[in-house]
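A.B. asks: If you scroll down you'll find the structure; I have some questions about it.
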Amino acid sequence: MELPRIGSVISDSSTVVPYGVADADGARVDAIDVWVRDLVMCDRSTRTVRAYCYSLLTWFRVLWFLGVSWNHATESDVAAMVGWLRSASNPQRRRSPASTNVAGAVNLKTGKPELALGYSPSTINVALAATYQFYAFHGHSGQGPVLNPVPQSPQRRRALAHRSPIESRQRHRRARLRQKTADTLPRSIPDSLWSELFEVLRGPRDRALLLCFVSSGARASELLGATNGDVDWDHQRIWVISKGTRMRRPVPVSPEALLWLAGYVHTATNPDVAAPLWRTLRKPERALSYSAARRVFQRVNVVLGTNWTLHDLRHTAAVRMATDGTLTLPEVQTVLGHADLRTTSRYTVPRMEEMVETMAAFYARPTPALHLHADYDAADFSVVFGD
């Protein structure tokens with residue numbers, strides 16, 4: 001089925017409810033506003049609230065299409081949403097006519113698969129999680145259906161109920177309608193491809209941004225939110241707001257990154273300390289958004305025939321730190337801002353495409369010569385088995 005693209009996610013930073021969902025007539029959905037207000041009071045991040053609102057927009061589009069009220073929804077309606085997400089095409093995956101990459105195919109240069117045309121399993125699971133929490137909140141306040149329409153896994157609840165952080169993660173069955181997701185290894189940019197990527201970038205801003213990303217290991221949202229006053233030139237670091245704790249923390253940057261950054265900051269038209277550090281090149285200057293920074297990488301990918309992303313720069317920094325031998329694993333964890341050391345240890349696992357030269361040397365090794373054990377007589381051995 002094809003859902004009508006009615007309704008939208010609206011934002012209003014001047015109210016307690018930063019995001020909400022509007023219906024076809026432009027009126028806000030009160031049930032979602034009440035839930036979003038509770039998320040804000042529970043100190044959920046603004047990005048989480050925004051993502052949940054987009055998931056609820058998808059859910060309400062299904063309900064509007066089926067003609068079902070939100071407080072009368074059943075599990076069959078949730079199954080209809082999952083079925084549509086599994087079969088529909090994602091408008092964000094539409095490629096330009098100049099793109100030669102095949103959806104779902106593996107890029108032979110980077111070893112990364114291209115994004116499929118549909119919605120990923122993780123996107124479907126996020127939509128299910130947001131819908132479940134929406135009905136759990138209204139069920140707690142005595143509204144909505146008596147039974148949550150989104151099924152849950154009792155095995156998963158028991159496995160995560162009293163798990164110690166030092167215990168290994170227990171296996172559990174997925175709940176109905178939940179999609180199976182693969183645990184893939186981080187993708188870093190090899191040194192052989194790093195040089196050509198750096199050369200294709202144009203201007204000091206893009207090169208300074210690339211070097212700051214790959215030397216600090218900061219997340220895209222953290223580094224793009226920095227201001228002019230956040231650069232500590234004396235101690236070679238940039239202060240960013242951590243994504244998880246939302247606290248300000250310093251991230252180190254290399255001298256080469258600071259050199260390119262100084263050349264870029266020198267061209268700034270607004271040197272105020274509160275002004276954004278990363279700005280657009282077109283006038284009037286404004287803060288460089290994540291979409292604009294991603295567009296820089298998309299242009300580079302078209303030239304090189306690659307499919308690198310901004311988050312690959314964080315993976316590249318983590319792999320370089322973890323495999324160099326200069327830093328210990330807890331030190332790498334501190335730089336990256338990981339809450340669990342096991343997350344950092346994922347960057348120590350080698351990938352097959354990075355062991356091409358090692359495997360080539362393994363296959364080219366000479367065959368070891370065969371020798372008889374000292375307890376055997378060579379003459380007797382030749383009589384029995386021949387020369």
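Each chain in the structure tokens gets a letter, A, B and so on, in the order shown; residues start at 1 in every chain, and ligands are counted from 1 in the order they appear.
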Counting only C-alpha atoms, which residues of segment 5-68 of chain A sit at most 12 Å from some atom of segment 220-243 of chain A, and what is each one's closest atom pair with its distance in Å to one decimal, listed by chain and rising residue number, as JSON lines?

C.D. replies:
{"residue": "A:Arg44", "atom": "CA", "partner": "A:Lys243", "partner_atom": "CA", "distance": 11.7}
{"residue": "A:Ser45", "atom": "CA", "partner": "A:Lys243", "partner_atom": "CA", "distance": 8.9}
{"residue": "A:Thr46", "atom": "CA", "partner": "A:Lys243", "partner_atom": "CA", "distance": 10.7}
{"residue": "A:Arg47", "atom": "CA", "partner": "A:Lys243", "partner_atom": "CA", "distance": 9.6}
{"residue": "A:Thr48", "atom": "CA", "partner": "A:Lys243", "partner_atom": "CA", "distance": 10.9}

A.B. asks: Just the residues within 10 Å of Ser69 of chain A, please, counting only C-alpha atoms, with nothing from its chain fewer than 5 positions along; format it as a ChimeraX atom specification.

C.D. replies: /A:60,63-64,144

A.B. asks: Give me, as CSV, each residue of segment 167-250 of chain A that comes within 12 Å of segment 348-369 of chain A, together with its shortest interatomic pair and the distance in Å at one decimal, counting only C-alpha atoms, with rows ordered by chain and rising residue number.

C.D. replies:
residue,atom,partner,partner_atom,distance
A:Thr184,CA,A:Arg351,CA,10.7
A:Leu185,CA,A:Arg351,CA,7.9
A:Pro186,CA,A:Arg351,CA,9.0
A:Arg187,CA,A:Arg351,CA,8.7
A:Ser188,CA,A:Glu354,CA,9.6
A:Ile189,CA,A:Glu354,CA,9.9
A:Pro190,CA,A:Glu354,CA,7.6
A:Asp191,CA,A:Glu354,CA,10.2
A:Ser192,CA,A:Glu354,CA,10.7
A:Leu193,CA,A:Glu354,CA,11.9

A.B. asks: I'd like the contact shell of Thr74 of chain A - 8 Å cut-off, only C-alpha atoms, skipping same-chain residues fewer than 2 positions apart - returned as number ranges by chain.

C.D. replies: A: 72, 76-78, 148-149

A.B. asks: With all heavy atoms kept, could you save the residues just selected as a PDB file, in the first residue's frame?

C.D. replies:
ATOM      1  N   HIS A  72      -7.744   3.098  19.878  1.00  0.00           N
ATOM      2  CA  HIS A  72      -8.394   1.841  19.552  1.00  0.00           C
ATOM      3  C   HIS A  72      -7.498   0.951  18.683  1.00  0.00           C
ATOM      4  O   HIS A  72      -7.981   0.006  18.058  1.00  0.00           O
ATOM      5  CB  HIS A  72      -9.724   2.078  18.830  1.00  0.00           C
ATOM      6  CG  HIS A  72     -10.760   2.727  19.692  1.00  0.00           C
ATOM      7  ND1 HIS A  72     -10.921   4.106  19.759  1.00  0.00           N
ATOM      8  CD2 HIS A  72     -11.697   2.200  20.535  1.00  0.00           C
ATOM      9  CE1 HIS A  72     -11.901   4.393  20.589  1.00  0.00           C
ATOM     10  NE2 HIS A  72     -12.383   3.265  21.089  1.00  0.00           N
ATOM     11  N   SER A  76      -2.678  -5.826  15.085  1.00  0.00           N
ATOM     12  CA  SER A  76      -2.778  -5.950  13.635  1.00  0.00           C
ATOM     13  C   SER A  76      -2.448  -4.638  12.943  1.00  0.00           C
ATOM     14  O   SER A  76      -1.885  -4.627  11.840  1.00  0.00           O
ATOM     15  CB  SER A  76      -4.177  -6.426  13.238  1.00  0.00           C
ATOM     16  OG  SER A  76      -5.160  -5.482  13.674  1.00  0.00           O
ATOM     17  N   ASP A  77      -2.771  -3.513  13.572  1.00  0.00           N
ATOM     18  CA  ASP A  77      -2.414  -2.211  13.002  1.00  0.00           C
ATOM     19  C   ASP A  77      -0.908  -1.995  13.052  1.00  0.00           C
ATOM     20  O   ASP A  77      -0.313  -1.428  12.122  1.00  0.00           O
ATOM     21  CB  ASP A  77      -3.135  -1.087  13.753  1.00  0.00           C
ATOM     22  CG  ASP A  77      -4.642  -1.241  13.720  1.00  0.00           C
ATOM     23  OD1 ASP A  77      -5.173  -1.627  12.657  1.00  0.00           O
ATOM     24  OD2 ASP A  77      -5.291  -0.981  14.756  1.00  0.00           O
ATOM     25  N   VAL A  78      -0.270  -2.436  14.128  1.00  0.00           N
ATOM     26  CA  VAL A  78       1.193  -2.350  14.216  1.00  0.00           C
ATOM     27  C   VAL A  78       1.833  -3.226  13.153  1.00  0.00           C
ATOM     28  O   VAL A  78       2.826  -2.848  12.518  1.00  0.00           O
ATOM     29  CB  VAL A  78       1.669  -2.746  15.623  1.00  0.00           C
ATOM     30  CG1 VAL A  78       3.199  -2.693  15.710  1.00  0.00           C
ATOM     31  CG2 VAL A  78       1.060  -1.837  16.671  1.00  0.00           C
ATOM     32  N   ASN A 148      -1.055  -2.907  25.366  1.00  0.00           N
ATOM     33  CA  ASN A 148      -0.174  -2.198  24.443  1.00  0.00           C
ATOM     34  C   ASN A 148      -0.171  -2.922  23.101  1.00  0.00           C
ATOM     35  O   ASN A 148       0.112  -4.120  23.042  1.00  0.00           O
ATOM     36  CB  ASN A 148       1.249  -2.139  25.010  1.00  0.00           C
ATOM     37  CG  ASN A 148       2.111  -1.094  24.331  1.00  0.00           C
ATOM     38  OD1 ASN A 148       2.115  -0.974  23.106  1.00  0.00           O
ATOM     39  ND2 ASN A 148       2.851  -0.343  25.127  1.00  0.00           N
ATOM     40  N   PRO A 149      -0.475  -2.235  21.998  1.00  0.00           N
ATOM     41  CA  PRO A 149      -0.531  -2.928  20.704  1.00  0.00           C
ATOM     42  C   PRO A 149       0.815  -3.400  20.187  1.00  0.00           C
ATOM     43  O   PRO A 149       0.864  -4.245  19.286  1.00  0.00           O
ATOM     44  CB  PRO A 149      -1.138  -1.865  19.777  1.00  0.00           C
ATOM     45  CG  PRO A 149      -0.800  -0.566  20.410  1.00  0.00           C
ATOM     46  CD  PRO A 149      -0.829  -0.815  21.889  1.00  0.00           C
TER      47      PRO A 149
END

A.B. asks: What parts of segment 249-296 of chain A does DSSP call alpha helix (DSSP H)? I'd like the answer as a PyMOL selection string.

C.D. replies: chain A and resi 255-265+290-296

A.B. asks: When distances are computed from only C-alpha atoms, which of A:Leu57, A:Leu85, A:Val102, A:Val68 shows the smallest separation from Ala130 of chain A?

C.D. replies: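 Smallest separation from Ala130 of chain A among the options: A:Leu57.
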
A.B. asks: For the structure I just gave you, how does DSSP split segment 1-237 of chain A - specifically, which residues are strand (DSSP E)? Reply as a PDB file with N, CA, C and O atoms, in the first residue's frame.

C.D. replies:
ATOM      1  N   SER A   8       2.940  16.331   9.435  1.00  0.00           N
ATOM      2  CA  SER A   8       4.345  16.724   9.463  1.00  0.00           C
ATOM      3  C   SER A   8       4.805  16.840  10.906  1.00  0.00           C
ATOM      4  O   SER A   8       3.993  16.898  11.835  1.00  0.00           O
ATOM      5  N   VAL A   9       6.118  16.854  11.063  1.00  0.00           N
ATOM      6  CA  VAL A   9       6.734  17.111  12.368  1.00  0.00           C
ATOM      7  C   VAL A   9       7.024  18.594  12.468  1.00  0.00           C
ATOM      8  O   VAL A   9       7.675  19.169  11.587  1.00  0.00           O
ATOM      9  N   ILE A  10       6.519  19.224  13.488  1.00  0.00           N
ATOM     10  CA  ILE A  10       6.687  20.668  13.668  1.00  0.00           C
ATOM     11  C   ILE A  10       7.576  20.908  14.881  1.00  0.00           C
ATOM     12  O   ILE A  10       7.606  20.107  15.825  1.00  0.00           O
ATOM     13  N   SER A  11       8.306  21.989  14.836  1.00  0.00           N
ATOM     14  CA  SER A  11       9.221  22.346  15.927  1.00  0.00           C
ATOM     15  C   SER A  11       8.885  23.730  16.441  1.00  0.00           C
ATOM     16  O   SER A  11       8.466  24.613  15.686  1.00  0.00           O
ATOM     17  N   TYR A  19       9.092  19.630  19.932  1.00  0.00           N
ATOM     18  CA  TYR A  19       8.646  19.008  18.693  1.00  0.00           C
ATOM     19  C   TYR A  19       7.257  18.429  18.902  1.00  0.00           C
ATOM     20  O   TYR A  19       6.841  18.124  20.028  1.00  0.00           O
ATOM     21  N   GLY A  20       6.542  18.303  17.806  1.00  0.00           N
ATOM     22  CA  GLY A  20       5.219  17.717  17.830  1.00  0.00           C
ATOM     23  C   GLY A  20       4.845  17.224  16.447  1.00  0.00           C
ATOM     24  O   GLY A  20       5.613  17.346  15.489  1.00  0.00           O
ATOM     25  N   VAL A  21       3.670  16.661  16.330  1.00  0.00           N
ATOM     26  CA  VAL A  21       3.160  16.127  15.073  1.00  0.00           C
ATOM     27  C   VAL A  21       1.859  16.841  14.745  1.00  0.00           C
ATOM     28  O   VAL A  21       0.985  16.984  15.609  1.00  0.00           O
ATOM     29  N   ALA A  22       1.743  17.305  13.503  1.00  0.00           N
ATOM     30  CA  ALA A  22       0.524  17.966  13.031  1.00  0.00           C
ATOM     31  C   ALA A  22      -0.185  17.050  12.046  1.00  0.00           C
ATOM     32  O   ALA A  22       0.453  16.310  11.289  1.00  0.00           O
ATOM     33  N   VAL A 231      37.784  26.636  21.135  1.00  0.00           N
ATOM     34  CA  VAL A 231      39.102  26.178  20.681  1.00  0.00           C
ATOM     35  C   VAL A 231      40.155  26.625  21.686  1.00  0.00           C
ATOM     36  O   VAL A 231      40.347  27.816  21.913  1.00  0.00           O
ATOM     37  N   ASP A 232      40.807  25.653  22.303  1.00  0.00           N
ATOM     38  CA  ASP A 232      41.908  25.923  23.248  1.00  0.00           C
ATOM     39  C   ASP A 232      43.209  25.739  22.477  1.00  0.00           C
ATOM     40  O   ASP A 232      43.747  24.632  22.382  1.00  0.00           O
ATOM     41  N   ARG A 237      43.253  21.492  21.917  1.00  0.00           N
ATOM     42  CA  ARG A 237      42.008  20.758  22.137  1.00  0.00           C
ATOM     43  C   ARG A 237      40.822  21.660  21.839  1.00  0.00           C
ATOM     44  O   ARG A 237      40.959  22.891  21.774  1.00  0.00           O
TER      45      ARG A 237
END

A.B. asks: Write out as an mmCIF file with N, CA, C and O atoms, in the first residue's frame which residues come within 10 Å of Gln92 of chain A when counting only C-alpha atoms, dropping same-chain ones fewer than 3 positions away.

C.D. replies:
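Saved to selection32.cif:
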data_model
loop_
_atom_site.group_PDB
_atom_site.id
_atom_site.type_symbol
_atom_site.label_atom_id
_atom_site.label_comp_id
_atom_site.auth_asym_id
_atom_site.auth_seq_id
_atom_site.Cartn_x
_atom_site.Cartn_y
_atom_site.Cartn_z
ATOM 1 N N SER A 89 9.578 2.174 -0.255
ATOM 2 C CA SER A 89 10.875 2.778 -0.560
ATOM 3 C C SER A 89 11.070 4.020 0.297
ATOM 4 O O SER A 89 10.127 4.784 0.528
ATOM 5 N N ARG A 95 18.511 8.370 -5.261
ATOM 6 C CA ARG A 95 19.819 8.761 -5.759
ATOM 7 C C ARG A 95 19.684 9.685 -6.956
ATOM 8 O O ARG A 95 18.706 9.632 -7.692
ATOM 9 N N LEU A 117 17.204 0.641 -0.861
ATOM 10 C CA LEU A 117 16.179 1.626 -1.196
ATOM 11 C C LEU A 117 15.087 1.711 -0.138
ATOM 12 O O LEU A 117 14.395 2.718 -0.047
ATOM 13 N N GLY A 118 14.929 0.664 0.653
ATOM 14 C CA GLY A 118 13.867 0.640 1.653
ATOM 15 C C GLY A 118 14.342 1.108 3.011
ATOM 16 O O GLY A 118 15.430 1.665 3.172
ATOM 17 N N TYR A 119 13.502 0.865 4.006
ATOM 18 C CA TYR A 119 13.822 1.232 5.382
ATOM 19 C C TYR A 119 14.636 0.113 6.034
ATOM 20 O O TYR A 119 14.343 -1.064 5.842
#
